[in-house]
>>> print(open('my_file.cif').read())   # mmCIF, N, CA and C atoms
data_entry
loop_
_atom_site.label_atom_id
_atom_site.label_comp_id
_atom_site.auth_asym_id
_atom_site.auth_seq_id
_atom_site.Cartn_x
_atom_site.Cartn_y
_atom_site.Cartn_z
N MET Q 35 66.09 80.24 -61.69
CA MET Q 35 67.04 79.65 -60.76
C MET Q 35 67.75 78.50 -61.47
N ASN Q 36 69.04 78.42 -61.26
CA ASN Q 36 69.82 77.34 -61.87
C ASN Q 36 69.36 75.99 -61.34
N GLY Q 37 69.63 74.96 -62.14
CA GLY Q 37 69.23 73.61 -61.76
C GLY Q 37 69.84 73.15 -60.45
N TRP Q 38 71.13 73.45 -60.27
CA TRP Q 38 71.76 72.97 -59.04
C TRP Q 38 71.28 73.73 -57.82
N LEU Q 39 70.83 74.97 -58.00
CA LEU Q 39 70.25 75.70 -56.86
C LEU Q 39 68.91 75.11 -56.46
N SER Q 40 68.14 74.68 -57.45
CA SER Q 40 66.88 74.00 -57.13
C SER Q 40 67.14 72.71 -56.36
N VAL Q 41 68.19 72.00 -56.77
CA VAL Q 41 68.56 70.78 -56.06
C VAL Q 41 68.99 71.11 -54.63
N LEU Q 42 69.76 72.17 -54.46
CA LEU Q 42 70.20 72.58 -53.12
C LEU Q 42 69.01 72.90 -52.22
N TRP Q 43 68.09 73.73 -52.70
CA TRP Q 43 66.91 74.08 -51.91
C TRP Q 43 66.04 72.85 -51.64
N GLY Q 44 65.94 71.98 -52.64
CA GLY Q 44 65.17 70.75 -52.45
C GLY Q 44 65.79 69.84 -51.41
N GLU Q 45 67.12 69.76 -51.43
CA GLU Q 45 67.83 68.93 -50.46
C GLU Q 45 67.64 69.49 -49.05
N LEU Q 46 67.73 70.79 -48.91
CA LEU Q 46 67.50 71.41 -47.59
C LEU Q 46 66.08 71.13 -47.10
N ALA Q 47 65.12 71.24 -48.00
CA ALA Q 47 63.73 70.99 -47.62
C ALA Q 47 63.51 69.52 -47.26
N LEU Q 48 64.04 68.61 -48.07
CA LEU Q 48 63.86 67.18 -47.80
C LEU Q 48 64.51 66.76 -46.49
N MET Q 49 65.75 67.18 -46.28
CA MET Q 49 66.44 66.81 -45.05
C MET Q 49 65.75 67.43 -43.83
N SER Q 50 65.21 68.64 -43.99
CA SER Q 50 64.48 69.27 -42.89
C SER Q 50 63.22 68.49 -42.55
N LEU Q 51 62.51 68.04 -43.57
CA LEU Q 51 61.31 67.23 -43.32
C LEU Q 51 61.65 65.92 -42.62
N VAL Q 52 62.73 65.28 -43.07
CA VAL Q 52 63.15 64.02 -42.46
C VAL Q 52 63.52 64.23 -40.99
N LEU Q 53 64.33 65.24 -40.71
CA LEU Q 53 64.75 65.48 -39.34
C LEU Q 53 63.59 65.94 -38.47
N PHE Q 54 62.69 66.75 -39.01
CA PHE Q 54 61.50 67.15 -38.26
C PHE Q 54 60.70 65.92 -37.85
N GLY Q 55 60.49 65.03 -38.79
CA GLY Q 55 59.76 63.80 -38.50
C GLY Q 55 60.46 62.93 -37.47
N LEU Q 56 61.77 62.80 -37.60
CA LEU Q 56 62.52 62.00 -36.63
C LEU Q 56 62.48 62.60 -35.23
N MET Q 57 62.46 63.91 -35.14
CA MET Q 57 62.36 64.54 -33.81
C MET Q 57 61.02 64.18 -33.17
N GLY Q 58 59.96 64.20 -33.95
CA GLY Q 58 58.64 63.82 -33.43
C GLY Q 58 58.58 62.35 -33.04
N ILE Q 59 59.13 61.49 -33.90
CA ILE Q 59 59.14 60.05 -33.61
C ILE Q 59 59.96 59.78 -32.36
N ASP Q 60 61.12 60.40 -32.26
CA ASP Q 60 62.00 60.16 -31.11
C ASP Q 60 61.34 60.64 -29.82
N LYS Q 61 60.64 61.76 -29.87
CA LYS Q 61 59.94 62.26 -28.68
C LYS Q 61 58.85 61.27 -28.24
N ARG Q 62 58.11 60.77 -29.21
CA ARG Q 62 57.05 59.80 -28.89
C ARG Q 62 57.64 58.53 -28.28
N ARG Q 63 58.74 58.07 -28.86
CA ARG Q 63 59.40 56.87 -28.34
C ARG Q 63 59.98 57.12 -26.95
N ALA Q 64 60.47 58.32 -26.70
CA ALA Q 64 61.02 58.65 -25.38
C ALA Q 64 59.92 58.58 -24.32
N ARG Q 65 58.75 59.07 -24.66
CA ARG Q 65 57.63 59.04 -23.71
C ARG Q 65 57.20 57.62 -23.39
N LYS Q 66 57.32 56.73 -24.38
CA LYS Q 66 56.88 55.34 -24.19
C LYS Q 66 58.00 54.43 -23.71
N GLY Q 67 59.20 54.98 -23.53
CA GLY Q 67 60.32 54.17 -23.06
C GLY Q 67 60.79 53.15 -24.09
N ARG Q 68 60.67 53.47 -25.36
CA ARG Q 68 61.05 52.55 -26.43
C ARG Q 68 62.39 52.92 -27.03
N TRP Q 69 62.79 52.14 -28.04
CA TRP Q 69 64.04 52.36 -28.76
C TRP Q 69 64.08 53.78 -29.30
N ARG Q 70 65.25 54.40 -29.23
CA ARG Q 70 65.39 55.81 -29.58
C ARG Q 70 66.31 56.00 -30.77
N VAL Q 71 66.20 57.16 -31.40
CA VAL Q 71 67.10 57.56 -32.48
C VAL Q 71 68.38 58.09 -31.83
N ARG Q 72 69.52 57.66 -32.33
CA ARG Q 72 70.79 58.11 -31.75
C ARG Q 72 70.97 59.61 -31.95
N GLU Q 73 71.56 60.25 -30.97
CA GLU Q 73 71.83 61.68 -31.07
C GLU Q 73 72.77 61.98 -32.22
N ARG Q 74 73.72 61.11 -32.47
CA ARG Q 74 74.65 61.36 -33.58
C ARG Q 74 73.93 61.31 -34.92
N THR Q 75 72.88 60.50 -35.03
CA THR Q 75 72.08 60.46 -36.25
C THR Q 75 71.35 61.79 -36.44
N LEU Q 76 70.79 62.33 -35.36
CA LEU Q 76 70.11 63.61 -35.43
C LEU Q 76 71.07 64.72 -35.84
N PHE Q 77 72.27 64.71 -35.27
CA PHE Q 77 73.28 65.72 -35.63
C PHE Q 77 73.74 65.55 -37.07
N LEU Q 78 73.92 64.32 -37.52
CA LEU Q 78 74.35 64.08 -38.90
C LEU Q 78 73.32 64.62 -39.89
N LEU Q 79 72.05 64.36 -39.63
CA LEU Q 79 71.01 64.87 -40.51
C LEU Q 79 70.96 66.39 -40.48
N ALA Q 80 71.21 66.97 -39.32
CA ALA Q 80 71.26 68.44 -39.22
C ALA Q 80 72.41 68.98 -40.06
N LEU Q 81 73.56 68.34 -39.98
CA LEU Q 81 74.73 68.77 -40.76
C LEU Q 81 74.50 68.61 -42.26
N LEU Q 82 73.71 67.62 -42.64
CA LEU Q 82 73.46 67.35 -44.06
C LEU Q 82 72.33 68.21 -44.63
N GLY Q 83 71.90 69.21 -43.88
CA GLY Q 83 70.93 70.15 -44.42
C GLY Q 83 69.60 70.20 -43.70
N GLY Q 84 69.41 69.39 -42.68
CA GLY Q 84 68.12 69.34 -42.01
C GLY Q 84 68.00 70.15 -40.74
N ALA Q 85 68.92 71.07 -40.52
CA ALA Q 85 68.93 71.82 -39.25
C ALA Q 85 67.66 72.65 -39.04
N SER Q 86 67.09 73.17 -40.11
CA SER Q 86 65.86 73.98 -39.96
C SER Q 86 64.71 73.11 -39.44
N GLY Q 87 64.54 71.96 -40.02
CA GLY Q 87 63.49 71.05 -39.55
C GLY Q 87 63.77 70.53 -38.16
N GLY Q 88 65.05 70.30 -37.87
CA GLY Q 88 65.42 69.85 -36.53
C GLY Q 88 65.13 70.90 -35.48
N THR Q 89 65.42 72.16 -35.82
CA THR Q 89 65.16 73.26 -34.90
C THR Q 89 63.66 73.41 -34.66
N LEU Q 90 62.89 73.38 -35.74
CA LEU Q 90 61.44 73.49 -35.61
C LEU Q 90 60.88 72.32 -34.79
N GLY Q 91 61.35 71.11 -35.09
CA GLY Q 91 60.89 69.94 -34.35
C GLY Q 91 61.28 69.97 -32.89
N MET Q 92 62.48 70.47 -32.62
CA MET Q 92 62.96 70.55 -31.25
C MET Q 92 62.03 71.42 -30.41
N PHE Q 93 61.64 72.56 -30.93
CA PHE Q 93 60.80 73.46 -30.15
C PHE Q 93 59.32 73.10 -30.22
N LEU Q 94 58.86 72.57 -31.34
CA LEU Q 94 57.46 72.18 -31.46
C LEU Q 94 57.14 70.97 -30.58
N PHE Q 95 58.03 69.97 -30.59
CA PHE Q 95 57.81 68.76 -29.80
C PHE Q 95 58.42 68.84 -28.41
N HIS Q 96 59.08 69.96 -28.09
CA HIS Q 96 59.78 70.11 -26.80
C HIS Q 96 60.71 68.93 -26.57
N HIS Q 97 61.53 68.68 -27.59
CA HIS Q 97 62.42 67.52 -27.55
C HIS Q 97 63.87 67.98 -27.66
N LYS Q 98 64.68 67.51 -26.76
CA LYS Q 98 66.11 67.83 -26.70
C LYS Q 98 66.36 69.30 -26.33
N THR Q 99 65.37 69.98 -25.80
CA THR Q 99 65.54 71.39 -25.46
C THR Q 99 66.38 71.58 -24.21
N ARG Q 100 66.57 70.55 -23.42
CA ARG Q 100 67.41 70.66 -22.22
C ARG Q 100 68.89 70.46 -22.55
N HIS Q 101 69.16 69.94 -23.72
CA HIS Q 101 70.54 69.70 -24.14
C HIS Q 101 71.08 70.95 -24.80
N TRP Q 102 72.06 71.59 -24.18
CA TRP Q 102 72.59 72.85 -24.73
C TRP Q 102 73.20 72.63 -26.10
N THR Q 103 73.73 71.43 -26.36
CA THR Q 103 74.34 71.19 -27.68
C THR Q 103 73.30 71.28 -28.79
N PHE Q 104 72.10 70.79 -28.52
CA PHE Q 104 71.03 70.89 -29.51
C PHE Q 104 70.49 72.32 -29.59
N ARG Q 105 70.24 72.91 -28.42
CA ARG Q 105 69.67 74.26 -28.39
C ARG Q 105 70.55 75.28 -29.07
N LEU Q 106 71.85 75.08 -29.03
CA LEU Q 106 72.79 76.01 -29.62
C LEU Q 106 73.11 75.67 -31.07
N SER Q 107 73.44 74.42 -31.32
CA SER Q 107 73.94 74.06 -32.64
C SER Q 107 72.86 74.00 -33.72
N PHE Q 108 71.68 73.48 -33.42
CA PHE Q 108 70.66 73.38 -34.46
C PHE Q 108 70.27 74.74 -35.03
N PRO Q 109 69.96 75.75 -34.20
CA PRO Q 109 69.62 77.06 -34.78
C PRO Q 109 70.78 77.72 -35.53
N ILE Q 110 72.00 77.56 -35.02
CA ILE Q 110 73.16 78.14 -35.71
C ILE Q 110 73.36 77.46 -37.06
N LEU Q 111 73.28 76.13 -37.08
CA LEU Q 111 73.39 75.40 -38.35
C LEU Q 111 72.28 75.79 -39.32
N ALA Q 112 71.06 75.92 -38.82
CA ALA Q 112 69.93 76.29 -39.67
C ALA Q 112 70.16 77.66 -40.30
N ALA Q 113 70.60 78.61 -39.49
CA ALA Q 113 70.85 79.95 -40.02
C ALA Q 113 71.95 79.92 -41.06
N ALA Q 114 73.02 79.18 -40.79
CA ALA Q 114 74.13 79.10 -41.74
C ALA Q 114 73.69 78.45 -43.05
N GLN Q 115 72.91 77.39 -42.96
CA GLN Q 115 72.45 76.70 -44.17
C GLN Q 115 71.52 77.58 -44.99
N LEU Q 116 70.57 78.23 -44.33
CA LEU Q 116 69.63 79.07 -45.06
C LEU Q 116 70.29 80.32 -45.63
N LEU Q 117 71.15 80.93 -44.83
CA LEU Q 117 71.86 82.11 -45.33
C LEU Q 117 72.81 81.75 -46.47
N GLY Q 118 73.48 80.62 -46.36
CA GLY Q 118 74.37 80.17 -47.43
C GLY Q 118 73.61 79.90 -48.72
N ALA Q 119 72.49 79.23 -48.62
CA ALA Q 119 71.68 78.93 -49.81
C ALA Q 119 71.10 80.22 -50.39
N ALA Q 120 70.66 81.13 -49.54
CA ALA Q 120 70.12 82.41 -50.01
C ALA Q 120 71.22 83.22 -50.70
N TYR Q 121 72.41 83.24 -50.13
CA TYR Q 121 73.53 83.96 -50.72
C TYR Q 121 73.85 83.40 -52.12
N LEU Q 122 73.91 82.09 -52.22
CA LEU Q 122 74.19 81.48 -53.52
C LEU Q 122 73.09 81.79 -54.53
N SER Q 123 71.85 81.82 -54.06
CA SER Q 123 70.73 82.13 -54.96
C SER Q 123 70.81 83.56 -55.46
N ILE Q 124 71.19 84.49 -54.60
CA ILE Q 124 71.30 85.89 -54.99
C ILE Q 124 72.45 86.09 -55.96
N GLN Q 125 73.54 85.38 -55.74
CA GLN Q 125 74.73 85.54 -56.59
C GLN Q 125 74.53 84.99 -57.99
N MET Q 126 73.60 84.10 -58.15
CA MET Q 126 73.40 83.51 -59.47
C MET Q 126 72.45 84.33 -60.24
#
>>> encode(input="my_file.cif", output="structure tokens")
Amino acid sequence: MNGWLSVLWGELALMSLVLFGLMGIDKRRARKGRWRVRERTLFLLALLGGASGGTLGMFLFHHKTRHWTFRLSFPILAAAQLLGAAYLSIQM
């Protein structure tokens, strides 16, 4: 695998881990009535490659599942990111 493809897959994995963790933290804070992570921050991290982790965190922690924007956009972004990275990997 080319060096930049390794970086791409690593970036997707890192951003997914970060967003997965933030989904769990935000859910815990929501239950305790504490300071929350902004929705725009969650969406930005999803756009920057973390949509897979965000999708997993959303359903695992049952967080933001009532918001249609999250339920629709996170899985679509995750599929696009993974399929795009897989396509680039196959082409190289």
>>> atom_distance(input="my_file.cif", atom1="CA of Gly37 in chain Q", atom2="CA of Ser107 in chain Q")
29.5 Å
>>> residues_around(input="my_file.cif", residues="His97 in chain Q", least_positions_apart="2", cutoff="10 Å", atoms="only C-alpha atoms", output="list in words")
Met57, Gly58, Asp60, Lys61, Arg62, Ala64, Gly88, Thr89, Gly91, Met92, Phe93, Leu94, Phe95, Thr99, Arg100, His101, Phe104 and Arg105 of chain Q
>>> residues_around(input="my_file.cif", residues="range 48-50 of chain Q", least_positions_apart="2", cutoff="5 Å", atoms="only N, CA and C atoms", output="short mmCIF file (atom, residue, chain, number, x, y, z; two decimals) with N, CA and C atoms, in the frame of the given file")
data_model
loop_
_atom_site.label_atom_id
_atom_site.label_comp_id
_atom_site.auth_asym_id
_atom_site.auth_seq_id
_atom_site.Cartn_x
_atom_site.Cartn_y
_atom_site.Cartn_z
N GLY Q 44 65.94 71.98 -52.64
CA GLY Q 44 65.17 70.75 -52.45
C GLY Q 44 65.79 69.84 -51.41
N GLU Q 45 67.12 69.76 -51.43
CA GLU Q 45 67.83 68.93 -50.46
C GLU Q 45 67.64 69.49 -49.05
N LEU Q 46 67.73 70.79 -48.91
CA LEU Q 46 67.50 71.41 -47.59
C LEU Q 46 66.08 71.13 -47.10
N VAL Q 52 62.73 65.28 -43.07
CA VAL Q 52 63.15 64.02 -42.46
C VAL Q 52 63.52 64.23 -40.99
N LEU Q 53 64.33 65.24 -40.71
CA LEU Q 53 64.75 65.48 -39.34
C LEU Q 53 63.59 65.94 -38.47
N PHE Q 54 62.69 66.75 -39.01
CA PHE Q 54 61.50 67.15 -38.26
C PHE Q 54 60.70 65.92 -37.85
N GLY Q 83 71.90 69.21 -43.88
CA GLY Q 83 70.93 70.15 -44.42
C GLY Q 83 69.60 70.20 -43.70
N GLY Q 84 69.41 69.39 -42.68
CA GLY Q 84 68.12 69.34 -42.01
C GLY Q 84 68.00 70.15 -40.74
N GLY Q 87 64.54 71.96 -40.02
CA GLY Q 87 63.49 71.05 -39.55
C GLY Q 87 63.77 70.53 -38.16
#
>>> atom_distance(input="my_file.cif", atom1="CA of Ser86 in chain Q", atom2="atom C of Lys66 in chain Q")
26.6 Å
>>> atom_distance(input="my_file.cif", atom1="atom C of Ala112 in chain Q", atom2="atom N of Val41 in chain Q")
17.5 Å
>>> select_by_dssp(input="my_file.cif", residues="chain Q", states="helix (DSSP H, G or I)", output="PyMOL selection string")
chain Q and resi 37-66+73-94+102-125
>>> closest_residue(input="my_file.cif", among="Q:Trp102, Q:Leu90, Q:Leu82, Q:Trp69", to="Ala114 in chain Q", atoms="only C-alpha atoms")
Q:Leu82
>>> decode(input="my_file.cif", residues="range 99-112 of chain Q", atoms="all heavy atoms", output="mmCIF file, in the first residue's frame")
data_model
loop_
_atom_site.group_PDB
_atom_site.id
_atom_site.type_symbol
_atom_site.label_atom_id
_atom_site.label_comp_id
_atom_site.auth_asym_id
_atom_site.auth_seq_id
_atom_site.Cartn_x
_atom_site.Cartn_y
_atom_site.Cartn_z
ATOM 1 N N THR Q 99 -29.823 9.451 18.437
ATOM 2 C CA THR Q 99 -30.582 8.599 17.526
ATOM 3 C C THR Q 99 -31.958 9.172 17.211
ATOM 4 O O THR Q 99 -32.581 8.747 16.249
ATOM 5 C CB THR Q 99 -30.742 7.177 18.100
ATOM 6 O OG1 THR Q 99 -31.316 7.261 19.399
ATOM 7 C CG2 THR Q 99 -29.402 6.466 18.166
ATOM 8 N N ARG Q 100 -32.427 10.131 17.981
ATOM 9 C CA ARG Q 100 -33.721 10.756 17.699
ATOM 10 C C ARG Q 100 -33.593 11.885 16.680
ATOM 11 O O ARG Q 100 -34.589 12.356 16.160
ATOM 12 C CB ARG Q 100 -34.345 11.301 18.975
ATOM 13 C CG ARG Q 100 -34.764 10.220 19.925
ATOM 14 C CD ARG Q 100 -35.452 10.804 21.116
ATOM 15 N NE ARG Q 100 -35.833 9.750 22.037
ATOM 16 C CZ ARG Q 100 -36.442 9.964 23.167
ATOM 17 N NH1 ARG Q 100 -36.745 11.197 23.538
ATOM 18 N NH2 ARG Q 100 -36.754 8.964 23.957
ATOM 19 N N HIS Q 101 -32.372 12.322 16.451
ATOM 20 C CA HIS Q 101 -32.128 13.406 15.499
ATOM 21 C C HIS Q 101 -31.961 12.818 14.110
ATOM 22 O O HIS Q 101 -30.975 12.137 13.826
ATOM 23 C CB HIS Q 101 -30.868 14.191 15.882
ATOM 24 C CG HIS Q 101 -30.946 14.849 17.212
ATOM 25 N ND1 HIS Q 101 -31.337 16.145 17.364
ATOM 26 C CD2 HIS Q 101 -30.681 14.376 18.456
ATOM 27 C CE1 HIS Q 101 -31.310 16.464 18.641
ATOM 28 N NE2 HIS Q 101 -30.916 15.402 19.326
ATOM 29 N N TRP Q 102 -32.893 13.107 13.214
ATOM 30 C CA TRP Q 102 -32.831 12.514 11.872
ATOM 31 C C TRP Q 102 -31.573 12.948 11.139
ATOM 32 O O TRP Q 102 -31.061 12.201 10.306
ATOM 33 C CB TRP Q 102 -34.087 12.845 11.075
ATOM 34 C CG TRP Q 102 -34.205 14.284 10.678
ATOM 35 C CD1 TRP Q 102 -34.836 15.276 11.359
ATOM 36 C CD2 TRP Q 102 -33.653 14.887 9.515
ATOM 37 N NE1 TRP Q 102 -34.710 16.463 10.700
ATOM 38 C CE2 TRP Q 102 -33.989 16.254 9.550
ATOM 39 C CE3 TRP Q 102 -32.912 14.404 8.437
ATOM 40 C CZ2 TRP Q 102 -33.602 17.144 8.571
ATOM 41 C CZ3 TRP Q 102 -32.527 15.304 7.449
ATOM 42 C CH2 TRP Q 102 -32.873 16.649 7.514
ATOM 43 N N THR Q 103 -31.055 14.141 11.442
ATOM 44 C CA THR Q 103 -29.847 14.597 10.746
ATOM 45 C C THR Q 103 -28.654 13.698 11.074
ATOM 46 O O THR Q 103 -27.832 13.417 10.206
ATOM 47 C CB THR Q 103 -29.513 16.054 11.106
ATOM 48 O OG1 THR Q 103 -29.485 16.196 12.530
ATOM 49 C CG2 THR Q 103 -30.537 17.004 10.522
ATOM 50 N N PHE Q 104 -28.573 13.242 12.308
ATOM 51 C CA PHE Q 104 -27.497 12.329 12.690
ATOM 52 C C PHE Q 104 -27.758 10.927 12.134
ATOM 53 O O PHE Q 104 -26.860 10.285 11.600
ATOM 54 C CB PHE Q 104 -27.357 12.253 14.217
ATOM 55 C CG PHE Q 104 -26.653 13.434 14.814
ATOM 56 C CD1 PHE Q 104 -27.354 14.561 15.191
ATOM 57 C CD2 PHE Q 104 -25.279 13.413 15.002
ATOM 58 C CE1 PHE Q 104 -26.711 15.648 15.745
ATOM 59 C CE2 PHE Q 104 -24.625 14.500 15.554
ATOM 60 C CZ PHE Q 104 -25.343 15.622 15.930
ATOM 61 N N ARG Q 105 -28.994 10.454 12.311
ATOM 62 C CA ARG Q 105 -29.333 9.096 11.868
ATOM 63 C C ARG Q 105 -29.134 8.903 10.378
ATOM 64 O O ARG Q 105 -28.831 7.804 9.916
ATOM 65 C CB ARG Q 105 -30.781 8.768 12.216
ATOM 66 C CG ARG Q 105 -30.989 8.427 13.654
ATOM 67 C CD ARG Q 105 -32.415 7.998 13.860
ATOM 68 N NE ARG Q 105 -32.658 6.726 13.224
ATOM 69 C CZ ARG Q 105 -32.900 5.604 13.882
ATOM 70 N NH1 ARG Q 105 -32.928 5.614 15.185
ATOM 71 N NH2 ARG Q 105 -33.121 4.492 13.234
ATOM 72 N N LEU Q 106 -29.320 9.957 9.603
ATOM 73 C CA LEU Q 106 -29.188 9.876 8.161
ATOM 74 C C LEU Q 106 -27.767 10.185 7.695
ATOM 75 O O LEU Q 106 -27.174 9.437 6.921
ATOM 76 C CB LEU Q 106 -30.188 10.832 7.511
ATOM 77 C CG LEU Q 106 -30.296 10.806 6.004
ATOM 78 C CD1 LEU Q 106 -30.822 9.453 5.543
ATOM 79 C CD2 LEU Q 106 -31.225 11.912 5.530
ATOM 80 N N SER Q 107 -27.220 11.280 8.180
ATOM 81 C CA SER Q 107 -25.945 11.747 7.630
ATOM 82 C C SER Q 107 -24.743 10.930 8.090
ATOM 83 O O SER Q 107 -23.824 10.691 7.288
ATOM 84 C CB SER Q 107 -25.728 13.226 7.946
ATOM 85 O OG SER Q 107 -25.657 13.435 9.338
ATOM 86 N N PHE Q 108 -24.688 10.513 9.341
ATOM 87 C CA PHE Q 108 -23.510 9.766 9.798
ATOM 88 C C PHE Q 108 -23.312 8.465 9.024
ATOM 89 O O PHE Q 108 -22.214 8.204 8.536
ATOM 90 C CB PHE Q 108 -23.592 9.504 11.304
ATOM 91 C CG PHE Q 108 -23.036 10.618 12.161
ATOM 92 C CD1 PHE Q 108 -23.035 11.936 11.730
ATOM 93 C CD2 PHE Q 108 -22.524 10.350 13.417
ATOM 94 C CE1 PHE Q 108 -22.533 12.953 12.518
ATOM 95 C CE2 PHE Q 108 -22.015 11.350 14.214
ATOM 96 C CZ PHE Q 108 -22.024 12.664 13.778
ATOM 97 N N PRO Q 109 -24.341 7.616 8.863
ATOM 98 C CA PRO Q 109 -24.127 6.386 8.087
ATOM 99 C C PRO Q 109 -23.800 6.645 6.612
ATOM 100 O O PRO Q 109 -22.966 5.938 6.032
ATOM 101 C CB PRO Q 109 -25.448 5.625 8.228
ATOM 102 C CG PRO Q 109 -26.067 6.148 9.465
ATOM 103 C CD PRO Q 109 -25.645 7.582 9.543
ATOM 104 N N ILE Q 110 -24.424 7.652 6.016
ATOM 105 C CA ILE Q 110 -24.135 7.965 4.617
ATOM 106 C C ILE Q 110 -22.698 8.450 4.471
ATOM 107 O O ILE Q 110 -21.970 8.028 3.564
ATOM 108 C CB ILE Q 110 -25.138 8.999 4.063
ATOM 109 C CG1 ILE Q 110 -26.508 8.351 3.915
ATOM 110 C CG2 ILE Q 110 -24.664 9.578 2.735
ATOM 111 C CD1 ILE Q 110 -27.620 9.317 3.566
ATOM 112 N N LEU Q 111 -22.265 9.338 5.370
ATOM 113 C CA LEU Q 111 -20.873 9.804 5.346
ATOM 114 C C LEU Q 111 -19.898 8.652 5.576
ATOM 115 O O LEU Q 111 -18.858 8.570 4.916
ATOM 116 C CB LEU Q 111 -20.651 10.866 6.425
ATOM 117 C CG LEU Q 111 -21.010 12.292 6.087
ATOM 118 C CD1 LEU Q 111 -20.919 13.168 7.330
ATOM 119 C CD2 LEU Q 111 -20.093 12.821 5.011
ATOM 120 N N ALA Q 112 -20.216 7.771 6.513
ATOM 121 C CA ALA Q 112 -19.338 6.635 6.802
ATOM 122 C C ALA Q 112 -19.189 5.747 5.572
ATOM 123 O O ALA Q 112 -18.076 5.354 5.212
ATOM 124 C CB ALA Q 112 -19.886 5.827 7.980
#
